[in-house]
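Peer 1: Sharing structure.cif below, mmCIF, C-alpha atoms and all ligand atoms:
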```
data_target
loop_
_atom_site.label_atom_id
_atom_site.label_comp_id
_atom_site.auth_asym_id
_atom_site.auth_seq_id
_atom_site.Cartn_x
_atom_site.Cartn_y
_atom_site.Cartn_z
CA MET A 1 -6.45 -18.59 4.65
CA LEU A 2 -4.97 -15.75 2.64
CA VAL A 3 -6.51 -12.30 2.31
CA ARG A 4 -5.65 -9.10 0.49
CA LEU A 5 -6.47 -5.69 1.97
CA LEU A 6 -6.14 -2.41 0.10
CA TYR A 7 -6.50 0.94 1.82
CA ALA A 8 -5.79 4.59 1.16
CA SER A 9 -4.98 7.34 3.65
CA ARG A 10 -3.96 10.99 3.79
CA ALA A 11 -0.47 11.82 5.02
CA ALA A 12 -0.64 13.80 8.26
CA ALA A 13 2.35 15.91 7.19
CA PRO A 14 3.90 16.60 3.78
CA MET A 15 5.68 13.47 2.64
CA ASN A 16 9.42 13.23 2.96
CA ALA A 17 12.03 10.52 2.64
CA SER A 18 12.45 10.01 6.37
CA ILE A 19 8.75 9.21 6.85
CA VAL A 20 8.84 6.63 4.08
CA ASP A 21 12.19 5.23 5.22
CA SER A 22 11.00 4.74 8.79
CA ILE A 23 7.84 2.93 7.62
CA MET A 24 9.92 0.73 5.32
CA GLU A 25 12.29 -0.07 8.17
CA GLN A 26 9.41 -1.11 10.41
CA SER A 27 7.94 -3.21 7.59
CA ARG A 28 11.27 -4.90 6.99
CA LYS A 29 11.58 -5.67 10.70
CA ASN A 30 8.04 -6.92 11.31
CA ASN A 31 6.43 -8.24 8.14
CA PRO A 32 8.51 -11.36 7.41
CA ALA A 33 7.76 -12.92 10.80
CA GLN A 34 4.05 -12.35 10.18
CA GLY A 35 4.14 -13.62 6.59
CA ILE A 36 2.96 -10.22 5.34
CA THR A 37 3.79 -9.04 1.82
CA GLY A 38 2.63 -6.02 -0.15
CA ILE A 39 3.36 -2.65 -1.64
CA LEU A 40 3.29 0.85 -0.21
CA CYS A 41 2.60 3.64 -2.71
CA PHE A 42 2.97 7.26 -1.70
CA SER A 43 2.73 10.74 -3.15
CA ASP A 44 3.03 14.20 -1.61
CA ASP A 45 -0.07 13.76 0.47
CA LEU A 46 -1.35 10.20 0.38
CA PHE A 47 -0.59 6.54 0.97
CA LEU A 48 -2.01 3.57 -0.89
CA GLN A 49 -1.01 0.21 0.57
CA VAL A 50 -1.85 -3.38 -0.21
CA LEU A 51 -1.29 -6.00 2.48
CA GLU A 52 -1.40 -9.73 1.81
CA GLY A 53 -1.10 -12.62 4.23
CA GLY A 54 -3.10 -14.65 6.73
CA ARG A 55 -6.39 -13.06 7.78
CA ASP A 56 -5.40 -12.70 11.45
CA GLU A 57 -2.01 -11.23 10.61
CA VAL A 58 -3.33 -8.77 8.03
CA CYS A 59 -6.13 -7.61 10.33
CA GLU A 60 -3.77 -7.19 13.31
CA LEU A 61 -1.29 -5.18 11.25
CA PHE A 62 -4.05 -3.06 9.78
CA ASN A 63 -5.38 -2.31 13.28
CA THR A 64 -1.88 -1.08 14.19
CA ILE A 65 -1.48 0.95 11.01
CA VAL A 66 -4.85 2.68 11.42
CA ARG A 67 -3.72 4.07 14.79
CA ASP A 68 -0.46 5.43 13.36
CA ASP A 69 -0.47 9.24 13.62
CA ARG A 70 1.61 9.68 10.47
CA HIS A 71 -1.63 9.42 8.50
CA LEU A 72 -5.38 9.94 8.79
CA ASN A 73 -8.63 9.33 6.89
CA VAL A 74 -7.75 5.67 6.49
CA ARG A 75 -10.25 4.10 4.06
CA ILE A 76 -10.51 0.41 3.20
CA LEU A 77 -10.87 0.13 -0.57
CA SER A 78 -10.95 -3.64 -0.87
CA PHE A 79 -10.75 -6.72 1.36
CA GLU A 80 -10.97 -10.21 -0.11
CA GLU A 81 -10.03 -13.81 0.44
CA ILE A 82 -7.50 -14.84 -2.20
CA PRO A 83 -6.30 -18.21 -3.50
CA GLU A 84 -2.77 -16.90 -3.99
CA ARG A 85 -0.62 -13.79 -3.44
CA ARG A 86 -0.13 -11.24 -6.17
CA PHE A 87 2.45 -9.15 -4.31
CA GLY A 88 4.37 -12.02 -2.74
CA SER A 89 7.78 -10.87 -3.95
CA TRP A 90 7.84 -7.87 -1.63
CA THR A 91 8.18 -7.78 2.15
CA MET A 92 6.96 -4.26 1.42
CA GLY A 93 7.80 -2.82 -1.97
CA GLN A 94 7.57 0.93 -2.40
CA VAL A 95 6.36 3.10 -5.27
CA ASN A 96 6.72 6.85 -5.48
CA LEU A 97 3.60 7.79 -7.42
CA ALA A 98 5.22 11.06 -8.52
CA LYS A 99 7.58 8.97 -10.64
CA VAL A 100 4.91 6.85 -12.29
CA ASN A 101 4.30 7.47 -15.98
CA SER A 102 1.27 9.76 -16.30
CA SER A 103 -0.19 7.71 -19.17
CA LEU A 104 -0.37 4.75 -16.78
CA LEU A 105 -2.30 6.85 -14.28
CA LEU A 106 -4.61 8.10 -17.03
CA LYS A 107 -5.45 4.54 -17.98
CA TYR A 108 -7.35 4.11 -14.72
CA ALA A 109 -8.32 7.62 -13.67
CA GLU A 110 -10.02 10.72 -14.96
CA LYS A 111 -6.84 12.78 -14.54
CA ALA A 112 -3.17 11.84 -14.46
CA VAL A 113 -3.22 12.10 -10.69
CA LEU A 114 -4.10 9.10 -8.63
CA ASP A 115 -7.04 9.73 -6.32
CA PRO A 116 -7.84 6.41 -4.68
CA PHE A 117 -10.50 8.14 -2.56
CA THR A 118 -12.71 8.64 -5.60
CA CYS A 119 -11.81 5.77 -7.92
CA SER A 120 -12.89 2.18 -7.34
CA GLY A 121 -10.78 -0.23 -5.32
CA ARG A 122 -10.69 -2.42 -8.41
CA ALA A 123 -9.11 0.39 -10.46
CA SER A 124 -6.48 1.01 -7.79
CA LEU A 125 -5.64 -2.71 -7.68
CA ALA A 126 -5.41 -2.80 -11.48
CA LEU A 127 -2.96 0.10 -11.32
CA LEU A 128 -0.90 -1.76 -8.71
CA ASP A 129 -0.82 -4.78 -11.02
CA GLU A 130 0.56 -2.60 -13.79
CA LEU A 131 3.14 -1.09 -11.46
CA ILE A 132 4.44 -4.59 -10.80
CA ALA A 133 4.44 -5.44 -14.50
CA THR A 134 6.31 -2.26 -15.40
CA ALA A 135 8.86 -2.78 -12.64
CA SER A 136 7.98 0.50 -10.95
CA VAL A 137 8.32 -1.09 -7.52
CA VAL A 138 11.48 -0.39 -5.55
CA ASN A 139 12.24 -3.46 -3.51
CA ARG A 140 13.75 -1.84 -0.47
CA GLY A 141 11.42 -3.65 1.87
CA SER A 142 13.09 -7.04 1.66
C1 LIG B 201 1.10 4.18 5.67
C2 LIG B 201 1.74 3.28 6.71
C3 LIG B 201 2.07 1.96 6.37
C4 LIG B 201 2.65 1.12 7.31
N1 LIG B 201 2.97 -0.18 6.96
C5 LIG B 201 3.52 -1.01 7.88
C6 LIG B 201 3.84 -2.37 7.55
O1 LIG B 201 3.62 -2.86 6.44
N2 LIG B 201 4.42 -3.13 8.54
C7 LIG B 201 4.70 -2.65 9.78
O2 LIG B 201 5.21 -3.39 10.61
N3 LIG B 201 4.40 -1.37 10.10
C8 LIG B 201 3.84 -0.55 9.19
N4 LIG B 201 3.54 0.76 9.54
C9 LIG B 201 3.93 1.23 10.88
C10 LIG B 201 2.95 0.80 11.93
O3 LIG B 201 1.85 1.73 11.96
C11 LIG B 201 3.61 0.78 13.33
O4 LIG B 201 4.20 2.05 13.59
C12 LIG B 201 4.69 -0.28 13.40
O5 LIG B 201 4.20 -1.52 12.95
C13 LIG B 201 5.18 -0.41 14.84
O6 LIG B 201 6.23 -1.33 14.82
P1 LIG B 201 7.32 -1.39 15.98
O7 LIG B 201 6.53 -1.58 17.25
O8 LIG B 201 8.18 -2.58 15.63
O9 LIG B 201 8.07 -0.10 15.93
C14 LIG B 201 2.94 1.60 8.62
C15 LIG B 201 2.59 2.92 8.94
C16 LIG B 201 2.01 3.76 8.01
C17 LIG B 201 1.67 5.18 8.38
#
```
Written as structure tokens, that's how I'd like the structure from this file.
Peer 2:
Amino acid sequence: MLVRLLYASRAAAPMNASIVDSIMEQSRKNNPAQGITGILCFSDDLFLQVLEGGRDEVCELFNTIVRDDRHLNVRILSFEEIPERRFGSWTMGQVNLAKVNSSLLLKYAEKAVLDPFTCSGRASLALLDELIATASVVNRGS
């Protein structure tokens, strides 16, 4: 059975390339064997990640991620059983939210700054769908 989990978290330290690179490297190493796909979005101070795969595998990975001290305030925004993957092309795609067109952010939020902690999980997922459609995802995870 497939599930999709979306969560947001606050970066424990200001974001930099080496933090993102090391997470992407771990994702590249671990996710294929577990059948996990998804996208990791980041900005200066937050992460937004969608994980898709089998329920056991997604829950186990999420349990690991929650304990990671590179972030805090981990909040589940959405968890659902799904008939098919939406983010299946990415072992773990990455999106730098600072580079996303502000009109796209405005479509789903009150201001042109993504705040997944205050907007609905559905709005964040809709934004992720648009990021795929507009090819904003960098496919360094596969
Ligand atoms: C925001 C965030 C997202 C992460 N995403 C993944 C992921 O998709 N896959 C993964 O294996 N580890 C991910 N990690 C890292 C895990 O928390 C953990 O450090 C890693 O799985 C340990 O793998 P290792 O034992 O092979 O080093 C993420 C960490 C953070 C902070």
Peer 1: Which residues are near ligand LIG 201 (chain B) - at most 6 Å, using all atoms listed in the file? Format: as number ranges by chain.
Peer 2: A: 23, 26-27, 30-31, 47, 64-65, 68, 70-71
Peer 1: Here is a test: counting all atoms listed in the file, which residue of A:Ile19, A:Tyr7, A:Pro32, A:Ala112 is nearest to Gly88 in chain A?
Peer 2: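 Among the listed residues, the smallest separation from Gly88 in chain A belongs to A:Pro32.
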Peer 1: So, with all atoms listed in the file as the atoms that count, which of A:Leu48, A:Arg67, A:Phe87, A:Asn73 lies closest to Gly35 in chain A?
Peer 2: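 Answer, going by the shortest atom-to-atom distance: A:Phe87.
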Peer 1: Have a look at A:Arg75, A:Arg122, A:Arg86, A:Arg55 and name the one nearest to Leu2 in chain A; count only C-alpha atoms.
Peer 2: A:Arg55
Peer 1: Between CA of Asn16 in chain A and CA of Glu110 in chain A, what is the distance, to one decimal in Å?
Peer 2: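 A separation of 26.6 Å between them.
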Peer 1: Figure out the distance between CA of Leu131 in chain A and CA of Tyr108 in chain A, please, to one decimal in Å.
Peer 2: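 CA of Leu131 in chain A lies at a distance of 12.2 Å from CA of Tyr108 in chain A.
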Peer 1: Could you check how far CA of Gln49 in chain A sits from CA of Ser9 in chain A, in Å to one decimal?
Peer 2: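 Computed distance, CA of Gln49 in chain A to CA of Ser9 in chain A, equals 8.7 Å.
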Peer 1: With only C-alpha atoms as the basis for distance, which of A:Ile39, A:Leu105, A:Ala98, A:Val137 is at the shortest distance from Met15 in chain A?
Peer 2: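 Smallest distance to Met15 in chain A is found for A:Ala98.
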Peer 1: Quick one: residues within 8 Å of Met1 in chain A, all atoms listed in the file, excluding same-chain residues fewer than 6 positions away - as number ranges by chain?
Peer 2: A: 54-55, 81-82
Peer 1: Near Leu128 in chain A, counting all atoms listed in the file, which residues have an atom at most 12 Å away, once you skip same-chain residues fewer than 2 positions from it, shown as a ChimeraX atom specification?
Peer 2: /A:6,38-41,48-51,86-87,93-97,100,104-105,108,114,116,121-126,130-137
Peer 1: For a cutoff of 10 Å around the file-coordinate point (-13.1, -9.7, -0.6), which residues qualify once you count only C-alpha atoms? I'd like the result as a list of chain:residue names.
Peer 2: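 Every polymer residue passing the test: A:Val3, A:Arg4, A:Leu5, A:Ser78, A:Phe79, A:Glu80, A:Glu81, A:Ile82.
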Peer 1: Quick one: range 51-64 of chain A from the block, N, CA and C atoms, as a PDB file, in the first residue's frame.
Peer 2:
```pdb
ATOM      1  N   LEU A  51       7.266  12.669   1.095  1.00  0.00           N
ATOM      2  CA  LEU A  51       7.813  11.314   0.982  1.00  0.00           C
ATOM      3  C   LEU A  51       6.705  10.407   0.479  1.00  0.00           C
ATOM      4  N   GLU A  52       6.993   9.609  -0.530  1.00  0.00           N
ATOM      5  CA  GLU A  52       6.032   8.634  -1.036  1.00  0.00           C
ATOM      6  C   GLU A  52       6.664   7.251  -1.027  1.00  0.00           C
ATOM      7  N   GLY A  53       5.833   6.245  -0.807  1.00  0.00           N
ATOM      8  CA  GLY A  53       6.326   4.868  -0.826  1.00  0.00           C
ATOM      9  C   GLY A  53       5.417   3.985   0.003  1.00  0.00           C
ATOM     10  N   GLY A  54       5.898   2.783   0.319  1.00  0.00           N
ATOM     11  CA  GLY A  54       5.123   1.881   1.158  1.00  0.00           C
ATOM     12  C   GLY A  54       4.932   2.486   2.549  1.00  0.00           C
ATOM     13  N   ARG A  55       3.826   2.128   3.204  1.00  0.00           N
ATOM     14  CA  ARG A  55       3.534   2.751   4.507  1.00  0.00           C
ATOM     15  C   ARG A  55       4.636   2.480   5.521  1.00  0.00           C
ATOM     16  N   ASP A  56       5.097   1.224   5.617  1.00  0.00           N
ATOM     17  CA  ASP A  56       6.163   0.910   6.578  1.00  0.00           C
ATOM     18  C   ASP A  56       7.418   1.722   6.295  1.00  0.00           C
ATOM     19  N   GLU A  57       7.800   1.759   5.016  1.00  0.00           N
ATOM     20  CA  GLU A  57       9.054   2.420   4.648  1.00  0.00           C
ATOM     21  C   GLU A  57       8.976   3.938   4.900  1.00  0.00           C
ATOM     22  N   VAL A  58       7.853   4.528   4.536  1.00  0.00           N
ATOM     23  CA  VAL A  58       7.707   5.976   4.747  1.00  0.00           C
ATOM     24  C   VAL A  58       7.710   6.289   6.241  1.00  0.00           C
ATOM     25  N   CYS A  59       6.986   5.485   7.020  1.00  0.00           N
ATOM     26  CA  CYS A  59       6.935   5.752   8.474  1.00  0.00           C
ATOM     27  C   CYS A  59       8.307   5.565   9.115  1.00  0.00           C
ATOM     28  N   GLU A  60       9.033   4.511   8.715  1.00  0.00           N
ATOM     29  CA  GLU A  60      10.371   4.282   9.288  1.00  0.00           C
ATOM     30  C   GLU A  60      11.301   5.443   8.949  1.00  0.00           C
ATOM     31  N   LEU A  61      11.289   5.878   7.683  1.00  0.00           N
ATOM     32  CA  LEU A  61      12.165   6.986   7.304  1.00  0.00           C
ATOM     33  C   LEU A  61      11.766   8.256   8.050  1.00  0.00           C
ATOM     34  N   PHE A  62      10.474   8.490   8.155  1.00  0.00           N
ATOM     35  CA  PHE A  62      10.034   9.697   8.854  1.00  0.00           C
ATOM     36  C   PHE A  62      10.490   9.664  10.312  1.00  0.00           C
ATOM     37  N   ASN A  63      10.395   8.504  10.954  1.00  0.00           N
ATOM     38  CA  ASN A  63      10.856   8.388  12.345  1.00  0.00           C
ATOM     39  C   ASN A  63      12.336   8.757  12.468  1.00  0.00           C
ATOM     40  N   THR A  64      13.118   8.355  11.460  1.00  0.00           N
ATOM     41  CA  THR A  64      14.551   8.701  11.446  1.00  0.00           C
ATOM     42  C   THR A  64      14.729  10.208  11.240  1.00  0.00           C
TER      43      THR A  64
END
```
